[in-house]
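Asker: For reference, the file final_27.pdb (PDB, C-alpha atoms) is included below:
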```
ATOM      1  CA  MET A  16      -4.091  21.240   0.937
ATOM      2  CA  ALA A  17      -7.027  20.235  -1.191
ATOM      3  CA  ASN A  18      -9.767  19.072   1.156
ATOM      4  CA  LYS A  19     -10.043  15.597  -0.324
ATOM      5  CA  ARG A  20      -9.736  12.153   1.163
ATOM      6  CA  LEU A  21      -7.517   9.159   0.515
ATOM      7  CA  ILE A  22      -9.551   5.949   0.478
ATOM      8  CA  ALA A  23      -7.909   2.526   0.560
ATOM      9  CA  ILE A  24      -9.637  -0.809   0.046
ATOM     10  CA  GLY A  25      -8.312  -4.224   1.020
ATOM     11  CA  GLU A  26      -7.045  -6.099   4.035
ATOM     12  CA  ALA A  27      -6.532  -4.820   7.560
ATOM     13  CA  LEU A  28      -4.917  -7.441   9.754
ATOM     14  CA  ILE A  29      -2.809  -8.090  12.806
ATOM     15  CA  ASP A  30       0.917  -8.371  12.077
ATOM     16  CA  PHE A  31       2.597 -10.436  14.792
ATOM     17  CA  ILE A  32       6.065  -8.864  15.002
ATOM     18  CA  PRO A  33       8.849 -11.116  16.398
ATOM     19  CA  ASP A  34      10.646 -10.341  19.646
ATOM     20  CA  LYS A  35      14.019 -10.748  17.915
ATOM     21  CA  SER A  36      15.322 -10.307  14.389
ATOM     22  CA  GLY A  37      18.183 -11.788  12.398
ATOM     23  CA  CYS A  38      17.053 -15.353  12.982
ATOM     24  CA  GLU A  39      14.955 -18.113  11.437
ATOM     25  CA  PHE A  40      11.201 -18.210  11.989
ATOM     26  CA  TYR A  41      11.410 -21.246  14.307
ATOM     27  CA  GLU A  42      13.884 -19.429  16.572
ATOM     28  CA  VAL A  43      11.425 -16.631  17.447
ATOM     29  CA  THR A  44      10.117 -17.039  20.999
ATOM     30  CA  GLY A  45       7.450 -14.320  21.108
ATOM     31  CA  PHE A  46       5.391 -12.009  18.919
ATOM     32  CA  SER A  47       3.751  -8.621  19.531
ATOM     33  CA  PRO A  48       0.424  -7.880  17.813
ATOM     34  CA  LYS A  49       0.532  -4.743  15.623
ATOM     35  CA  LEU A  50      -2.010  -3.240  13.247
ATOM     36  CA  GLY A  51      -1.047  -4.130   9.668
ATOM     37  CA  GLY A  52      -2.220  -4.742   6.133
ATOM     38  CA  ALA A  53      -0.929  -2.590   3.283
ATOM     39  CA  PRO A  54      -4.149  -0.597   2.650
ATOM     40  CA  ALA A  55      -4.395   0.223   6.375
ATOM     41  CA  ASN A  56      -0.732   1.250   6.390
ATOM     42  CA  VAL A  57      -1.203   3.574   3.401
ATOM     43  CA  CYS A  58      -4.122   5.242   5.207
ATOM     44  CA  GLY A  59      -1.904   5.492   8.302
ATOM     45  CA  ALA A  60       0.870   7.296   6.414
ATOM     46  CA  PHE A  61      -1.591   9.736   4.839
ATOM     47  CA  ALA A  62      -3.278  10.421   8.192
ATOM     48  CA  ARG A  63       0.016  10.789  10.116
ATOM     49  CA  LEU A  64       0.857  13.654   7.743
ATOM     50  CA  GLY A  65      -2.451  15.371   8.528
ATOM     51  CA  GLY A  66      -4.525  14.092   5.590
ATOM     52  CA  ALA A  67      -8.032  12.639   5.761
ATOM     53  CA  ALA A  68      -8.013   8.855   5.204
ATOM     54  CA  ARG A  69     -10.739   6.215   5.069
ATOM     55  CA  LEU A  70     -10.386   2.437   4.983
ATOM     56  CA  ILE A  71     -12.835   0.049   3.314
ATOM     57  CA  THR A  72     -12.484  -3.497   4.616
ATOM     58  CA  GLN A  73     -14.236  -6.192   6.621
ATOM     59  CA  LEU A  74     -13.153  -7.532  10.000
ATOM     60  CA  GLY A  75     -14.255 -10.507  12.044
ATOM     61  CA  SER A  76     -16.545 -10.094  15.043
ATOM     62  CA  ASP A  77     -13.583 -10.995  17.265
ATOM     63  CA  PRO A  78     -11.119  -9.268  19.640
ATOM     64  CA  PHE A  79      -8.542  -8.798  16.855
ATOM     65  CA  GLY A  80     -11.165  -6.942  14.821
ATOM     66  CA  ASP A  81     -11.948  -4.818  17.900
ATOM     67  CA  LYS A  82      -8.247  -4.014  18.308
ATOM     68  CA  ILE A  83      -7.917  -2.939  14.666
ATOM     69  CA  MET A  84     -11.014  -0.701  14.871
ATOM     70  CA  ARG A  85      -9.689   0.962  18.030
ATOM     71  CA  GLU A  86      -6.189   1.533  16.622
ATOM     72  CA  LEU A  87      -7.400   2.846  13.265
ATOM     73  CA  ALA A  88      -9.523   5.401  15.125
ATOM     74  CA  GLU A  89      -6.513   6.365  17.279
ATOM     75  CA  TYR A  90      -4.561   7.067  14.056
ATOM     76  CA  ASN A  91      -7.434   9.296  12.811
ATOM     77  CA  ILE A  92      -8.430   6.856  10.063
ATOM     78  CA  ASP A  93     -12.152   6.905   9.235
ATOM     79  CA  THR A  94     -13.624   3.480  10.103
ATOM     80  CA  SER A  95     -17.234   4.240   9.078
ATOM     81  CA  CYS A  96     -16.951   2.052   5.946
ATOM     82  CA  ILE A  97     -15.635  -1.040   7.746
ATOM     83  CA  SER A  98     -18.005  -4.018   7.996
ATOM     84  CA  ARG A  99     -17.926  -6.738  10.647
ATOM     85  CA  THR A 100     -18.865 -10.368  10.107
ATOM     86  CA  ASP A 101     -19.119 -13.608  12.099
ATOM     87  CA  LYS A 102     -18.615 -15.723   8.942
ATOM     88  CA  ALA A 103     -14.786 -15.581   9.222
ATOM     89  CA  ASN A 104     -12.083 -14.308  11.544
ATOM     90  CA  THR A 105      -9.884 -11.230  11.207
ATOM     91  CA  ALA A 106      -6.743 -11.978   9.161
ATOM     92  CA  LEU A 107      -3.448 -12.591  10.995
ATOM     93  CA  ALA A 108       0.141 -12.547   9.679
ATOM     94  CA  PHE A 109       3.154 -13.780  11.645
ATOM     95  CA  VAL A 110       6.339 -12.010  10.554
ATOM     96  CA  SER A 111      10.002 -12.934  10.966
ATOM     97  CA  LEU A 112      12.832 -10.477  10.323
ATOM     98  CA  ALA A 113      16.135 -11.495   8.727
ATOM     99  CA  LYS A 114      19.464  -9.794   9.550
ATOM    100  CA  ASP A 115      18.948  -7.254   6.744
ATOM    101  CA  GLY A 116      15.491  -6.279   8.045
ATOM    102  CA  ASN A 117      13.628  -8.184   5.298
ATOM    103  CA  ARG A 118      10.616 -10.260   6.223
ATOM    104  CA  THR A 119       8.943 -13.614   5.753
ATOM    105  CA  PHE A 120       5.220 -14.018   6.441
ATOM    106  CA  SER A 121       2.983 -16.818   7.653
ATOM    107  CA  PHE A 122      -0.676 -15.913   6.973
ATOM    108  CA  TYR A 123      -3.826 -17.123   8.763
ATOM    109  CA  ARG A 124      -6.438 -16.325   6.127
ATOM    110  CA  LYS A 125      -8.476 -19.300   4.874
ATOM    111  CA  PRO A 126     -10.671 -17.338   4.443
ATOM    112  CA  SER A 127     -10.463 -14.196   6.533
ATOM    113  CA  ALA A 128     -13.247 -11.651   7.013
ATOM    114  CA  ASP A 129     -11.798  -9.118   4.530
ATOM    115  CA  MET A 130     -11.889 -11.678   1.689
ATOM    116  CA  LEU A 131     -15.684 -11.958   2.032
ATOM    117  CA  LEU A 132     -16.482  -8.255   1.499
ATOM    118  CA  SER A 133     -18.877  -8.207  -1.469
ATOM    119  CA  PRO A 134     -19.451  -5.560  -4.178
ATOM    120  CA  GLY A 135     -23.004  -5.048  -2.897
ATOM    121  CA  GLN A 136     -21.521  -3.651   0.343
ATOM    122  CA  ILE A 137     -19.720  -0.822  -1.520
ATOM    123  CA  LYS A 138     -21.709   2.451  -1.384
ATOM    124  CA  SER A 139     -21.267   5.216  -3.979
ATOM    125  CA  GLU A 140     -21.604   7.997  -1.362
ATOM    126  CA  TRP A 141     -18.362   6.832   0.293
ATOM    127  CA  PHE A 142     -16.489   8.305  -2.700
ATOM    128  CA  GLU A 143     -18.025  11.779  -2.953
ATOM    129  CA  ASP A 144     -14.955  13.412  -1.340
ATOM    130  CA  VAL A 145     -12.301  11.066  -2.812
ATOM    131  CA  PHE A 146      -8.873  12.359  -3.810
ATOM    132  CA  SER A 147      -7.396   8.913  -4.458
ATOM    133  CA  LEU A 148      -8.417   5.267  -4.144
ATOM    134  CA  HIS A 149      -5.488   2.972  -3.313
ATOM    135  CA  PHE A 150      -5.415  -0.833  -3.500
ATOM    136  CA  CYS A 151      -2.988  -3.793  -3.609
ATOM    137  CA  SER A 152      -3.105  -7.373  -4.935
ATOM    138  CA  VAL A 153      -3.490  -9.280  -1.643
ATOM    139  CA  SER A 154      -7.289  -8.971  -1.811
ATOM    140  CA  LEU A 155      -7.634  -9.702  -5.552
ATOM    141  CA  GLY A 156      -7.810 -13.485  -5.300
ATOM    142  CA  ASN A 157     -10.825 -15.473  -6.462
ATOM    143  CA  PHE A 158     -13.208 -14.354  -3.696
ATOM    144  CA  PRO A 159     -15.850 -11.595  -3.279
ATOM    145  CA  MET A 160     -13.385  -8.850  -2.286
ATOM    146  CA  LYS A 161     -12.003  -8.829  -5.849
ATOM    147  CA  GLN A 162     -15.380  -7.688  -7.216
ATOM    148  CA  ALA A 163     -15.683  -5.211  -4.334
ATOM    149  CA  HIS A 164     -12.470  -3.627  -5.656
ATOM    150  CA  CYS A 165     -14.003  -3.292  -9.126
ATOM    151  CA  ALA A 166     -17.061  -1.553  -7.647
ATOM    152  CA  ALA A 167     -14.847   0.797  -5.611
ATOM    153  CA  ILE A 168     -12.643   1.666  -8.610
ATOM    154  CA  GLU A 169     -15.728   2.500 -10.671
ATOM    155  CA  ALA A 170     -17.195   4.686  -7.892
ATOM    156  CA  ALA A 171     -13.894   6.523  -7.313
ATOM    157  CA  ARG A 172     -13.440   7.104 -11.048
ATOM    158  CA  LYS A 173     -16.925   8.693 -11.282
ATOM    159  CA  ASN A 174     -15.777  11.215  -8.655
ATOM    160  CA  ASP A 175     -12.496  11.987 -10.479
ATOM    161  CA  GLY A 176     -10.399  10.106  -7.917
ATOM    162  CA  ILE A 177      -6.825   9.111  -8.769
ATOM    163  CA  ILE A 178      -6.640   5.293  -8.826
ATOM    164  CA  SER A 179      -3.406   4.075  -7.183
ATOM    165  CA  PHE A 180      -2.242   0.436  -7.386
ATOM    166  CA  ASP A 181       0.681  -1.151  -5.545
ATOM    167  CA  PRO A 182       0.791  -4.870  -6.473
ATOM    168  CA  ASN A 183       2.609  -5.571  -3.168
ATOM    169  CA  LEU A 184       3.084  -9.209  -4.186
ATOM    170  CA  ARG A 185       2.587 -11.909  -1.541
ATOM    171  CA  TYR A 186       3.381 -15.082  -3.463
ATOM    172  CA  GLN A 187       2.539 -17.430  -0.605
ATOM    173  CA  LEU A 188      -1.132 -16.354  -0.717
ATOM    174  CA  TRP A 189      -1.550 -17.680  -4.272
ATOM    175  CA  ASP A 190      -1.636 -21.361  -5.260
ATOM    176  CA  ASP A 191      -0.481 -20.471  -8.779
ATOM    177  CA  PRO A 192       2.020 -17.628  -9.444
ATOM    178  CA  ASN A 193       0.671 -17.357 -13.010
ATOM    179  CA  GLU A 194      -2.763 -16.518 -11.612
ATOM    180  CA  LEU A 195      -1.204 -13.782  -9.443
ATOM    181  CA  LYS A 196       0.609 -12.372 -12.477
ATOM    182  CA  LYS A 197      -2.506 -12.453 -14.672
ATOM    183  CA  THR A 198      -4.557 -10.699 -11.971
ATOM    184  CA  VAL A 199      -1.968  -7.943 -11.528
ATOM    185  CA  LEU A 200      -1.784  -7.455 -15.315
ATOM    186  CA  ASP A 201      -5.599  -7.249 -15.453
ATOM    187  CA  PHE A 202      -5.709  -4.473 -12.827
ATOM    188  CA  ILE A 203      -2.705  -2.363 -13.926
ATOM    189  CA  PRO A 204      -4.612  -0.728 -16.838
ATOM    190  CA  LEU A 205      -7.299   0.462 -14.376
ATOM    191  CA  ALA A 206      -4.775   2.532 -12.375
ATOM    192  CA  ASP A 207      -3.577   6.110 -12.852
ATOM    193  CA  ILE A 208      -0.564   5.531 -10.569
ATOM    194  CA  LEU A 209       1.339   2.247 -10.400
ATOM    195  CA  LYS A 210       3.899   1.721  -7.633
ATOM    196  CA  ILE A 211       6.216  -1.232  -8.182
ATOM    197  CA  SER A 212       9.363  -2.434  -6.395
ATOM    198  CA  ASP A 213      12.652  -3.721  -7.779
ATOM    199  CA  GLU A 214      11.749  -7.180  -6.399
ATOM    200  CA  GLU A 215       8.489  -7.246  -8.387
ATOM    201  CA  LEU A 216       9.413  -5.661 -11.714
ATOM    202  CA  GLU A 217      10.756  -8.682 -13.606
ATOM    203  CA  PHE A 218       8.004 -11.032 -12.397
ATOM    204  CA  ILE A 219       5.319  -8.639 -13.670
ATOM    205  CA  THR A 220       6.958  -7.460 -16.918
ATOM    206  CA  ASP A 221       9.330 -10.329 -17.946
ATOM    207  CA  GLU A 222      12.039  -7.666 -18.319
ATOM    208  CA  SER A 223      15.192  -7.358 -16.191
ATOM    209  CA  ASP A 224      16.136  -3.961 -17.674
ATOM    210  CA  TYR A 225      14.062  -1.457 -15.716
ATOM    211  CA  LYS A 226      13.747   1.051 -18.571
ATOM    212  CA  LYS A 227      12.280  -1.575 -20.896
ATOM    213  CA  ALA A 228      10.123  -2.893 -18.054
ATOM    214  CA  VAL A 229       8.711   0.515 -17.129
ATOM    215  CA  SER A 230       7.806   1.314 -20.744
ATOM    216  CA  LYS A 231       5.655  -1.845 -20.758
ATOM    217  CA  LEU A 232       3.672  -0.561 -17.766
ATOM    218  CA  PHE A 233       2.124   2.436 -19.521
ATOM    219  CA  VAL A 234      -1.026   0.571 -20.518
ATOM    220  CA  GLY A 235      -4.675   1.585 -20.183
ATOM    221  CA  ARG A 236      -5.042   4.570 -17.871
ATOM    222  CA  VAL A 237      -1.546   4.480 -16.322
ATOM    223  CA  LYS A 238      -0.100   8.014 -16.151
ATOM    224  CA  LEU A 239       2.623   7.662 -13.501
ATOM    225  CA  VAL A 240       4.891   4.741 -12.573
ATOM    226  CA  ILE A 241       6.806   4.828  -9.277
ATOM    227  CA  TYR A 242       9.701   2.341  -9.175
ATOM    228  CA  THR A 243      11.173   1.837  -5.684
ATOM    229  CA  CYS A 244      14.575   0.242  -5.104
ATOM    230  CA  GLY A 245      14.827   0.174  -1.300
ATOM    231  CA  ASP A 246      18.021   1.799  -0.042
ATOM    232  CA  LYS A 247      19.046   2.551  -3.649
ATOM    233  CA  GLY A 248      16.335   5.208  -3.990
ATOM    234  CA  ALA A 249      13.247   5.555  -6.149
ATOM    235  CA  TYR A 250      12.308   6.627  -9.669
ATOM    236  CA  ALA A 251       9.122   8.180 -11.020
ATOM    237  CA  PHE A 252       8.108   8.168 -14.678
ATOM    238  CA  THR A 253       5.360   9.748 -16.721
ATOM    239  CA  LYS A 254       5.090   9.268 -20.486
ATOM    240  CA  ASN A 255       6.966  12.573 -20.902
ATOM    241  CA  THR A 256       9.430  12.859 -18.027
ATOM    242  CA  ALA A 257      11.375  10.978 -15.337
ATOM    243  CA  SER A 258      12.970  11.754 -11.998
ATOM    244  CA  PHE A 259      15.102  10.018  -9.355
ATOM    245  CA  GLY A 260      15.185  10.482  -5.582
ATOM    246  CA  GLU A 261      18.103   9.229  -3.535
ATOM    247  CA  ALA A 262      17.413   7.209  -0.389
ATOM    248  CA  HIS A 263      18.780   8.415   2.950
ATOM    249  CA  LYS A 264      21.474   6.290   4.606
ATOM    250  CA  VAL A 265      20.097   5.254   8.007
ATOM    251  CA  ASP A 266      20.389   2.311  10.407
ATOM    252  CA  ILE A 267      17.501   0.036   9.386
ATOM    253  CA  LYS A 268      15.640  -1.670  12.220
ATOM    254  CA  ASP A 269      12.516  -2.882  10.396
ATOM    255  CA  THR A 270      11.245  -2.457   6.825
ATOM    256  CA  THR A 271       7.671  -3.516   7.693
ATOM    257  CA  GLY A 272       5.294  -1.083   6.000
ATOM    258  CA  ALA A 273       8.099   0.922   4.348
ATOM    259  CA  GLY A 274       6.709   0.523   0.817
ATOM    260  CA  ASP A 275       3.226   1.414   2.072
ATOM    261  CA  GLY A 276       4.640   4.462   3.830
ATOM    262  CA  PHE A 277       6.332   5.472   0.593
ATOM    263  CA  ILE A 278       3.177   5.440  -1.525
ATOM    264  CA  GLY A 279       1.018   6.866   1.282
ATOM    265  CA  SER A 280       3.353   9.834   1.742
ATOM    266  CA  PHE A 281       3.721  10.250  -2.033
ATOM    267  CA  LEU A 282      -0.063  10.465  -2.427
ATOM    268  CA  TRP A 283      -0.195  12.966   0.450
ATOM    269  CA  LYS A 284       2.425  15.122  -1.291
ATOM    270  CA  ILE A 285       0.700  15.178  -4.679
ATOM    271  CA  ASN A 286      -2.550  16.079  -2.888
ATOM    272  CA  GLU A 287      -0.753  18.919  -1.119
ATOM    273  CA  LEU A 288       0.552  20.129  -4.496
ATOM    274  CA  GLY A 289      -3.017  20.183  -5.834
ATOM    275  CA  ILE A 290      -2.415  17.505  -8.479
ATOM    276  CA  THR A 291      -5.585  15.749  -9.668
ATOM    277  CA  SER A 292      -6.408  12.844 -11.972
ATOM    278  CA  ARG A 293      -6.755  15.423 -14.779
ATOM    279  CA  THR A 294      -3.327  17.029 -14.206
ATOM    280  CA  LEU A 295      -1.341  13.940 -13.134
ATOM    281  CA  SER A 296       0.111  13.239 -16.580
ATOM    282  CA  GLU A 297       1.396  16.849 -16.790
ATOM    283  CA  ILE A 298       3.488  16.700 -13.595
ATOM    284  CA  ASP A 299       7.005  17.989 -14.347
ATOM    285  CA  GLU A 300      10.404  16.636 -13.327
ATOM    286  CA  SER A 301      10.952  19.070 -10.448
ATOM    287  CA  ARG A 302       7.565  18.228  -8.891
ATOM    288  CA  LEU A 303       8.255  14.511  -9.276
ATOM    289  CA  LYS A 304      11.625  14.996  -7.559
ATOM    290  CA  GLU A 305       9.971  16.951  -4.741
ATOM    291  CA  CYS A 306       7.505  14.075  -4.166
ATOM    292  CA  LEU A 307      10.225  11.382  -4.296
ATOM    293  CA  ASP A 308      12.480  13.287  -1.875
ATOM    294  CA  PHE A 309       9.577  13.764   0.521
ATOM    295  CA  SER A 310       8.707  10.042   0.489
ATOM    296  CA  ASN A 311      12.354   9.025   0.884
ATOM    297  CA  SER A 312      12.580  11.250   3.974
ATOM    298  CA  PHE A 313       9.349   9.720   5.300
ATOM    299  CA  CYS A 314      10.686   6.169   4.848
ATOM    300  CA  ALA A 315      14.083   7.011   6.351
ATOM    301  CA  GLU A 316      12.319   7.935   9.602
ATOM    302  CA  SER A 317      10.007   4.907   9.434
ATOM    303  CA  VAL A 318      12.624   2.143   9.000
ATOM    304  CA  ARG A 319      14.556   3.325  12.060
ATOM    305  CA  LYS A 320      11.687   2.073  14.262
ATOM    306  CA  TYR A 321       9.738  -1.179  14.573
ATOM    307  CA  GLY A 322       6.254  -1.709  13.181
ATOM    308  CA  ALA A 323       4.367  -0.054  10.346
ATOM    309  CA  ILE A 324       1.957   2.808  11.192
ATOM    310  CA  SER A 325       3.468   3.130  14.670
ATOM    311  CA  SER A 326       6.820   3.921  13.011
ATOM    312  CA  TYR A 327       5.495   6.573  10.601
ATOM    313  CA  PRO A 328       6.662  10.146  11.249
ATOM    314  CA  ALA A 329       4.404  13.177  11.518
ATOM    315  CA  LEU A 330       4.931  16.099   9.145
ATOM    316  CA  GLU A 331       6.941  18.179  11.625
ATOM    317  CA  GLU A 332       9.412  15.283  12.121
ATOM    318  CA  ILE A 333      10.158  15.242   8.380
ATOM    319  CA  ARG A 334      10.457  19.016   8.141
ATOM    320  CA  LYS A 335      13.158  18.927  10.824
TER     321      LYS A 335
END
```
Rewrite the structure of this file - the entire thing - as structure tokens.

Answerer:
Amino acid sequence: MANKRLIAIGEALIDFIPDKSGCEFYEVTGFSPKLGGAPANVCGAFARLGGAARLITQLGSDPFGDKIMRELAEYNIDTSCISRTDKANTALAFVSLAKDGNRTFSFYRKPSADMLLSPGQIKSEWFEDVFSLHFCSVSLGNFPMKQAHCAAIEAARKNDGIISFDPNLRYQLWDDPNELKKTVLDFIPLADILKISDEELEFITDESDYKKAVSKLFVGRVKLVIYTCGDKGAYAFTKNTASFGEAHKVDIKDTTGAGDGFIGSFLWKINELGITSRTLSEIDESRLKECLDFSNSFCAESVRKYGAISSYPALEEIRK
């Protein structure tokens, strides 16, 4: 595998996972604290497969921040670019799980430490060994972390990193859904890879037909669009080719972090195949299929267990 590193920027938080699923939020009687946050999860997937991963975020000077630092290190995620602050607490998210494994969130983040990370804290030397920079929309609200993303994207681009964007929409974090949509549309053209789910496609593109919707997403630098449809499988499109990967039929316990596991394992696979920002647009159908099948296998293992990174399989588990 190319000796390059996945870097993710954004939130790392504590997901409080309920002690029972298939019920309303008010019926939950207890929660277990688990490491969460989509960028952290993507790093976790990449690292579980044996890749080098680094997270850029900011945590509070509090016990939850200590817990996250300790767990990231246990998952072999580089924490050297994580700042700590006493100006805000570490973000928390309380999760409830419906009968079908889908989730609702209640966030404690007004503001949280990650939101206050400023562009001046981003250092160019962090990106000298970058393979890909991954980010989501949770940290793109009107606070300093948004500009920190812009600085990170610029630094990664200078080092030929693949820019990967998963909007990962969390509507309840935005006062105005139009502002969320505008922000996502502003950042899509900066990405080489865009990962989008069936639940997000129409909101972002105003198209219900996925073929029409996907064609609208090839703007700016976008070279590859990954369209995930949960248990119905996933598609990948370049401007020249397309491929589909079927999902595995498994008993789903928890979908927390499944989308993050998908893109994290997909990025690991294209790194293993030696694909770079310069060759990404030339990827052929068989390689796309290989990457989709790999990520579907990864997710099939993940959703059979509870939690996000703690549920991610190692490479040998997938190869079985």

Asker: Name the residues, using the chain letters and numbers of the file, that sit within 9 Å of (15.7, -12.3, 9.0) when counting all atoms listed in the file, and give them as an mmCIF file with C-alpha atoms, in the frame of the given file.

Answerer:
```cif
data_model
loop_
_atom_site.group_PDB
_atom_site.id
_atom_site.type_symbol
_atom_site.label_atom_id
_atom_site.label_comp_id
_atom_site.auth_asym_id
_atom_site.auth_seq_id
_atom_site.Cartn_x
_atom_site.Cartn_y
_atom_site.Cartn_z
ATOM 1 C CA SER A 36 15.322 -10.307 14.389
ATOM 2 C CA GLY A 37 18.183 -11.788 12.398
ATOM 3 C CA CYS A 38 17.053 -15.353 12.982
ATOM 4 C CA GLU A 39 14.955 -18.113 11.437
ATOM 5 C CA PHE A 40 11.201 -18.210 11.989
ATOM 6 C CA SER A 111 10.002 -12.934 10.966
ATOM 7 C CA LEU A 112 12.832 -10.477 10.323
ATOM 8 C CA ALA A 113 16.135 -11.495 8.727
ATOM 9 C CA LYS A 114 19.464 -9.794 9.550
ATOM 10 C CA ASP A 115 18.948 -7.254 6.744
ATOM 11 C CA GLY A 116 15.491 -6.279 8.045
ATOM 12 C CA ASN A 117 13.628 -8.184 5.298
ATOM 13 C CA ARG A 118 10.616 -10.260 6.223
ATOM 14 C CA THR A 119 8.943 -13.614 5.753
#
```

Asker: Output the residue selection produced by the PyMOL selection byres ((chain A and resi 203) around 8) on the file above, formatted as a ChimeraX atom specification.

Answerer: /A:180,199-202,204-206,209,232,234-235,237

Asker: Take the PyMOL selection byres ((chain A and resi 229) around 9), apply it to the structure above, and return the hits as a list in words.

Answerer: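 Applying the expression gives Leu216, Thr220, Glu222, Asp224, Tyr225, Lys226, Lys227, Ala228, Ser230, Lys231, Leu232, Phe233, Val240, Tyr242 and Phe252 of chain A.
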
Asker: Per residue of range 75-101 of chain A within 12 Å of range 134-158 of chain A, which atom pair is closest and at what distance in Å (one decimal), using all atoms listed in the file, listed by chain and increasing number, as CSV?

Answerer:
```
residue,atom,partner,partner_atom,distance
A:Asp93,CA,A:Trp141,CA,10.9
A:Thr94,CA,A:Trp141,CA,11.4
A:Ser95,CA,A:Trp141,CA,9.2
A:Cys96,CA,A:Trp141,CA,7.5
A:Ile97,CA,A:Gln136,CA,9.8
A:Ser98,CA,A:Gln136,CA,8.4
A:Arg99,CA,A:Gln136,CA,11.3
```

Asker: In Å, with one decimal, what is the gap from CA of Asn311 in chain A to CA of Glu214 in chain A?

Answerer: 17.8 Å

Asker: Given the file above and the PyMOL selection byres ((chain A and resi 293) around 12), which residues are selected, and can you give them as number ranges by chain?

Answerer: A: 146, 172, 174-178, 207, 236, 238, 289-292, 294-298
